[in-house]
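Chemist: Below are the structure tokens for one structure; questions will follow.
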Amino acid sequence: MTSETTLSDQGAEAGVPVPSASSRPQTSFHDLDHYIALPRLSSLALSPDGSRLITAASALNGKSTEYTTALWEVDPAGSKPARRITRSAKGESSPAFLPSGDLLFTSSRPAPETEGDEPAAALWKLPAGGGEARQLVSRPGGINSVLTARSAEVAVVNADVLPGAADEEDDARLRQLRKDKQVSAILHSGYPVRFWDHDLGPGSPRHFVLEQREIESVLPTTEDSEGDYKLRGITPGAGASLVESAAALSPDGRTLLTSWREPRAKGDMREALAAVDIAGGGVRVLLSSEDVDYRPGPVSPDGRTVVVVCEKVSGPQAIPDTTLGLLRLEGGDLLPLASDWDRWPEPAQWLPDGSALLVTADEEGARPVFLIDAGTGSVRRVTADAAAYTDVVASPDGRYGYALRSSYLFPPEPVRIELATGDTTVLPGPALRPQLPGRLEEIETTTTEGGLSVRVRGWLVLPEGASEENPAPLLLWIHGGPLHSWNAWSWRWCPWLMAAQGYAVLLPDPALSTGYGKDFIRRGWGQWGQAPFTDLMSLTDEAAGRPDIDQERTAALGGSFGGYMANWVAGHTDRFRAIVTHASLWALDQFGPTTDASFYWEKEMTPEMALENSPHLHVGKISTPMLVIHGDKDYRVPIGEGLRLWYELLSKSALPQREDGTTDHRFLYFPDENHWVLKPQHVKVWYQVVQEFLARHVLDGAAELPAELGL
């Protein structure tokens with residue numbers, strides 16, 4: 001296929017040169033420039049008639065410094081190649097179909113008459129019959145996202161408004177005032193004030209409905225007429241109630257369901273469920289509880305029932321259990337749905353006849369698609385493969401589901417699912433599967449707890465050529481979360497880059513991992529240094545005992561909670577030659593009040609539990625060289641954790657110091673990165689530094705550090 005129908009695995013569509021076949025590396029994982037150029041798929045939208053499937057594909061720009069996202073059309077029948085339908089330097093996102101077949105999306109691309117400006121994200125429309133995209137509305141504060149109704153020409157957008165603004169014109173005036181005076185200060189009166197990697201405020205999200213503007217003119221309007229659409233606010237006075245909210249729109253476009261933040265004493269809050277009347281703009285709270293947080297799932301095809309995701313508020317002895325319920329919009333009690341199912345479901349979409357609900361849930365190292373019968377609550381697993389499914393949508397006749405599917409064998413790709421049989425067909429998409437430098441196996445062992453055997457499993461990535469004659473060094477890679485599972489492809493945490501260097505990579509799911517039942521989570525809840533550590537070491541023993549693994553050359557690494565566990569491992573065993581800890585929790589008493597969601601953290605551990613499980617108390621026993629990595633814009637695990645860890649490693653750890661005061665510990669600091677480190681060139685630096693550190697300590701060899709570090 002040409003670059004017009006398929007993004008090459010070198011990012012040619014984005015302007016990145018494609019090497020000749022003779023100059024290409026063995027795989028894209030053998031060269032970091034090739035790796036970061038691999039295109040990445042996200043989101044999926046199906047037209048109401050089922051004839052068009054839209055996905056977003058991100059590729060490197062010409063300078064290889066950032067990713068640009070374009071919209072691509074995928075043939076649901078699988079007979080035609082994928083086709084790129086948008087093209088701009090700023091990229092496009094949030095595709096959503098109207099019943100007419102018109103496609104809405106958001107983009108910061110300039111409108112024709114504003115060329116040269118730096119606009120915020122605006123709402124655009126691509127007509128069903130083809131032609132050029134047209135900007136419908138723009139505003140100085142930008143547009144965050146768009147929702148469309150399935151059977152009515154209604155679109156609702158989410159956008160930030162300054163709290164002191166009387167209307168859209170006043171909002172623009174106040175924003176310009178802040179810009180002219182170079183004021184970035186934000187005055188808060190509640191909590192939280194930050195989220196993951198961005199500050200909350202000064203604007204707060206509001207919902208608006210897109211409406212046709214009445215134009216008083218003697219001139220006829222045309223399809224290209226500008227200014228004939230406006231936004232009408234439907235949630236005035238919401239304050240901070242809609243910060244990081246979830247929303248669903250009824251098929252008839254009359255009701256918007258949204259999570260609604262309710263502040264509590266001592267910096268706490270709850271998520272209520274609210275209904276917004278699209279016509280009148282009134283807000284009505286449907287569900288509110290001291291013990292449960294609520295957020296909306298999809299609304300039934302007849303518009304009468306909403307799926308409610310119910311998350312029980314956790315405590316030091318109680319996990320944050322997630323269940324589903326059904327709520328009639330005209331009134332009535334919340335009815336549990338599949339309440340006995342020992343999984344945490346995420347609702348996707350109703351079948352068109354309203355008989356069942358499509359959901360996904362982590363299960364045994366996968367994330368399958370399930371069908372829950374709306375009447376009986378019975379659950380049927382649809383997909384049988386060991387893969388993770390996201391963005392699931394149903395065809396209008398209810399015969400098929402469409403989704404993005406990934407596993408550690410392939411990155412996200414569009415697929416069609418026969419819902420009756422579970423048979424899955426890969427659809428021609430914007431990108432091809434990259435060749436892998438090794439193989440993937442499932443691995444498991446058992447640990448003993450309270451006299452009972454507990455099964456612990458994970459994935460083992462093996463490099464090409466690993467054998468009894470040529471055993472591979474082993475990397476224990478611990479996932480974050482901690483309520484998470486190694487079940488889907490990750491561009492950020494990619495084990496194949498390490499396999500290309502000759503390492504075997506163990507991806508374990510210890511206690512606290514999802515997909516193994518609620519008791520498996522309870523084993524580690526509030527006791528991070530106990531069962532999770534035991535599970536990790538037991539599965540490491542299992543892997544290290546294989547003849548194709550070199551048990552004398554091992555290292556451990558992890559990020560976020562995985563970084564916490566790497567720190568805990570460092571203070572409790574010297575079995576590893578090196579440890580890499582990224583965005584890691586170090587002193588739990590310090591972390592608790594400084595993270596962006598302290599109210600959540602304090603529900604998991606009492607001060608006594610935090611002290612008992614804090615890695616910093618064991619720094620004196622750390623004799624393993626550690627590479628500390630942290631980004632300054634990480635608000636979930638604030639930079640203070642990394643700074644304190646680094647100083648205490650130098651001043652208190654058992655690793656010998658040289659006469660000049662240096663040690664084998666290292667600190668890789670990113671002043672402008674967040675929890676993950678996302679800029680393409682910084683991703684390269686991350687892996688180059690990690691690979692050099694591991695080569696020096698695990699392989700007793702040498703590797704080059706990136707010249708961009710200036711060393």
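Just remember, in the structure tokens the first chain shown is A, the second B, etc., residues are 1-based per chain, and ligands are 1-based in the order shown.
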When you look at stretch 571-582 of chain A with a cut-off of 9 Å (counting only C-alpha atoms), what residues show up, excluding the ones that are within fewer than 5 positions of it in the same chain? I need them as an MDAnalysis selection string.

Modeler: chainID A and resid 552:560 562:566 615:631 642 675:676 690 693:694 697:698

Chemist: What are the closest atom pairs, with distances in Å to one decimal, for each residue of stretch 61-121 of chain A lying within 10 Å of stretch 405-420 of chain A, using only C-alpha atoms, rows by chain and rising residue number, as a tab-separated table?

Modeler:
```
residue	atom	partner	partner_atom	distance
A:Val74	CA	A:Pro414	CA	8.0
A:Asp75	CA	A:Pro414	CA	9.8
A:Pro76	CA	A:Arg416	CA	7.2
A:Ala77	CA	A:Arg416	CA	8.3
A:Gly78	CA	A:Arg416	CA	8.4
```

Chemist: Would you export the selected residues with C-alpha atoms as an mmCIF file, in the first residue's frame, please?

Modeler:
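Written output follows (part05.cif):
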```cif
data_model
loop_
_atom_site.group_PDB
_atom_site.id
_atom_site.type_symbol
_atom_site.label_atom_id
_atom_site.label_comp_id
_atom_site.auth_asym_id
_atom_site.auth_seq_id
_atom_site.Cartn_x
_atom_site.Cartn_y
_atom_site.Cartn_z
ATOM 1 C CA VAL A 74 -11.330 2.408 8.119
ATOM 2 C CA ASP A 75 -13.639 0.181 6.085
ATOM 3 C CA PRO A 76 -15.894 -1.757 8.519
ATOM 4 C CA ALA A 77 -16.247 -4.501 5.911
ATOM 5 C CA GLY A 78 -12.472 -4.894 5.733
#
```

Chemist: I'd like the contact shell of stretch 267-277 of chain A - 8 Å cut-off, only C-alpha atoms, skipping same-chain residues fewer than 2 positions apart - returned as number ranges by chain.

Modeler: A: 190-192, 234-235, 254-265, 279-290, 292-296, 599

Chemist: State, in Å with one decimal place, the distance from atom CA of A:Glu648 to atom CA of A:Asp660.

Modeler: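 Separation between atom CA of A:Glu648 and atom CA of A:Asp660: 17.4 Å.
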
Chemist: At most 10 Å is the cut-off: for each residue in stretch 283-365 of chain A with any atom that close to an atom of stretch 479-497 of chain A, write down the nearest atom pair and the distance in Å rounded to one decimal, counting only C-alpha atoms, chain first then increasing number, as a Markdown table.

Modeler:
```
| residue | atom | partner | partner_atom | distance |
| --- | --- | --- | --- | --- |
| A:Pro320 | CA | A:Leu483 | CA | 9.8 |
| A:Asp362 | CA | A:Ser485 | CA | 7.4 |
| A:Glu363 | CA | A:Asn487 | CA | 8.7 |
| A:Glu364 | CA | A:Asn487 | CA | 8.4 |
| A:Gly365 | CA | A:Asn487 | CA | 4.8 |
```

Chemist: Considering only C-alpha atoms, state which residue in the set A:Glu92, A:Asp634, A:Glu441, A:Glu641 is at the smallest distance from A:Asp589.

Modeler: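 That would be A:Glu641, the residue with the smallest distance to A:Asp589.
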
Chemist: Would you pick out the contacts of A:Thr445 at 12 Å or less, using only C-alpha atoms, so that residues sharing its chain but fewer than 6 positions from it are not included, and give the list as a ChimeraX atom specification?

Modeler: /A:453-459,508-510,534-543,545

Chemist: Residues as selected, N, CA and C atoms, written as a PDB file, in the first residue's frame, can you do that?

Modeler:
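New file again.pdb:
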```
ATOM      1  N   SER A 453      -2.425 -21.868  48.777  1.00  0.00           N
ATOM      2  CA  SER A 453      -1.617 -21.552  47.607  1.00  0.00           C
ATOM      3  C   SER A 453      -2.315 -20.488  46.767  1.00  0.00           C
ATOM      4  N   VAL A 454      -1.561 -19.487  46.359  1.00  0.00           N
ATOM      5  CA  VAL A 454      -2.078 -18.405  45.530  1.00  0.00           C
ATOM      6  C   VAL A 454      -1.335 -18.410  44.206  1.00  0.00           C
ATOM      7  N   ARG A 455      -2.070 -18.438  43.112  1.00  0.00           N
ATOM      8  CA  ARG A 455      -1.470 -18.423  41.781  1.00  0.00           C
ATOM      9  C   ARG A 455      -1.070 -16.989  41.414  1.00  0.00           C
ATOM     10  N   VAL A 456       0.151 -16.841  40.902  1.00  0.00           N
ATOM     11  CA  VAL A 456       0.657 -15.545  40.445  1.00  0.00           C
ATOM     12  C   VAL A 456       1.179 -15.739  39.027  1.00  0.00           C
ATOM     13  N   ARG A 457       0.747 -14.886  38.114  1.00  0.00           N
ATOM     14  CA  ARG A 457       1.144 -15.062  36.725  1.00  0.00           C
ATOM     15  C   ARG A 457       1.646 -13.752  36.134  1.00  0.00           C
ATOM     16  N   GLY A 458       2.205 -13.875  34.925  1.00  0.00           N
ATOM     17  CA  GLY A 458       2.681 -12.708  34.199  1.00  0.00           C
ATOM     18  C   GLY A 458       3.096 -13.108  32.794  1.00  0.00           C
ATOM     19  N   TRP A 459       3.748 -12.173  32.105  1.00  0.00           N
ATOM     20  CA  TRP A 459       4.281 -12.427  30.759  1.00  0.00           C
ATOM     21  C   TRP A 459       5.796 -12.408  30.816  1.00  0.00           C
ATOM     22  N   PRO A 508       5.291  -9.094  35.581  1.00  0.00           N
ATOM     23  CA  PRO A 508       4.471  -9.830  36.547  1.00  0.00           C
ATOM     24  C   PRO A 508       3.211  -9.062  36.944  1.00  0.00           C
ATOM     25  N   ASP A 509       2.185  -9.792  37.319  1.00  0.00           N
ATOM     26  CA  ASP A 509       0.973  -9.235  37.916  1.00  0.00           C
ATOM     27  C   ASP A 509       0.897  -9.698  39.372  1.00  0.00           C
ATOM     28  N   PRO A 510       1.518  -8.953  40.297  1.00  0.00           N
ATOM     29  CA  PRO A 510       1.503  -9.362  41.707  1.00  0.00           C
ATOM     30  C   PRO A 510       0.210  -8.944  42.389  1.00  0.00           C
ATOM     31  N   THR A 534       6.352 -10.324  47.910  1.00  0.00           N
ATOM     32  CA  THR A 534       6.483 -11.782  47.904  1.00  0.00           C
ATOM     33  C   THR A 534       6.162 -12.351  46.529  1.00  0.00           C
ATOM     34  N   ASP A 535       5.088 -11.851  45.918  1.00  0.00           N
ATOM     35  CA  ASP A 535       4.701 -12.326  44.589  1.00  0.00           C
ATOM     36  C   ASP A 535       5.781 -12.023  43.553  1.00  0.00           C
ATOM     37  N   LEU A 536       6.320 -10.797  43.601  1.00  0.00           N
ATOM     38  CA  LEU A 536       7.348 -10.405  42.638  1.00  0.00           C
ATOM     39  C   LEU A 536       8.581 -11.299  42.745  1.00  0.00           C
ATOM     40  N   MET A 537       9.022 -11.557  43.973  1.00  0.00           N
ATOM     41  CA  MET A 537      10.214 -12.378  44.147  1.00  0.00           C
ATOM     42  C   MET A 537       9.941 -13.835  43.746  1.00  0.00           C
ATOM     43  N   SER A 538       8.733 -14.326  44.020  1.00  0.00           N
ATOM     44  CA  SER A 538       8.414 -15.714  43.663  1.00  0.00           C
ATOM     45  C   SER A 538       8.390 -15.897  42.154  1.00  0.00           C
ATOM     46  N   LEU A 539       7.800 -14.940  41.432  1.00  0.00           N
ATOM     47  CA  LEU A 539       7.751 -15.075  39.981  1.00  0.00           C
ATOM     48  C   LEU A 539       9.136 -14.834  39.377  1.00  0.00           C
ATOM     49  N   THR A 540       9.943 -13.970  40.011  1.00  0.00           N
ATOM     50  CA  THR A 540      11.322 -13.800  39.558  1.00  0.00           C
ATOM     51  C   THR A 540      12.109 -15.099  39.730  1.00  0.00           C
ATOM     52  N   ASP A 541      11.897 -15.773  40.867  1.00  0.00           N
ATOM     53  CA  ASP A 541      12.548 -17.076  41.081  1.00  0.00           C
ATOM     54  C   ASP A 541      12.155 -18.054  39.975  1.00  0.00           C
ATOM     55  N   GLU A 542      10.875 -18.060  39.623  1.00  0.00           N
ATOM     56  CA  GLU A 542      10.389 -18.973  38.587  1.00  0.00           C
ATOM     57  C   GLU A 542      11.069 -18.688  37.248  1.00  0.00           C
ATOM     58  N   ALA A 543      11.166 -17.400  36.902  1.00  0.00           N
ATOM     59  CA  ALA A 543      11.789 -17.043  35.630  1.00  0.00           C
ATOM     60  C   ALA A 543      13.289 -17.319  35.656  1.00  0.00           C
ATOM     61  N   GLY A 545      14.894 -19.477  37.239  1.00  0.00           N
ATOM     62  CA  GLY A 545      15.214 -20.897  37.262  1.00  0.00           C
ATOM     63  C   GLY A 545      15.150 -21.568  35.906  1.00  0.00           C
TER      64      GLY A 545
END
```
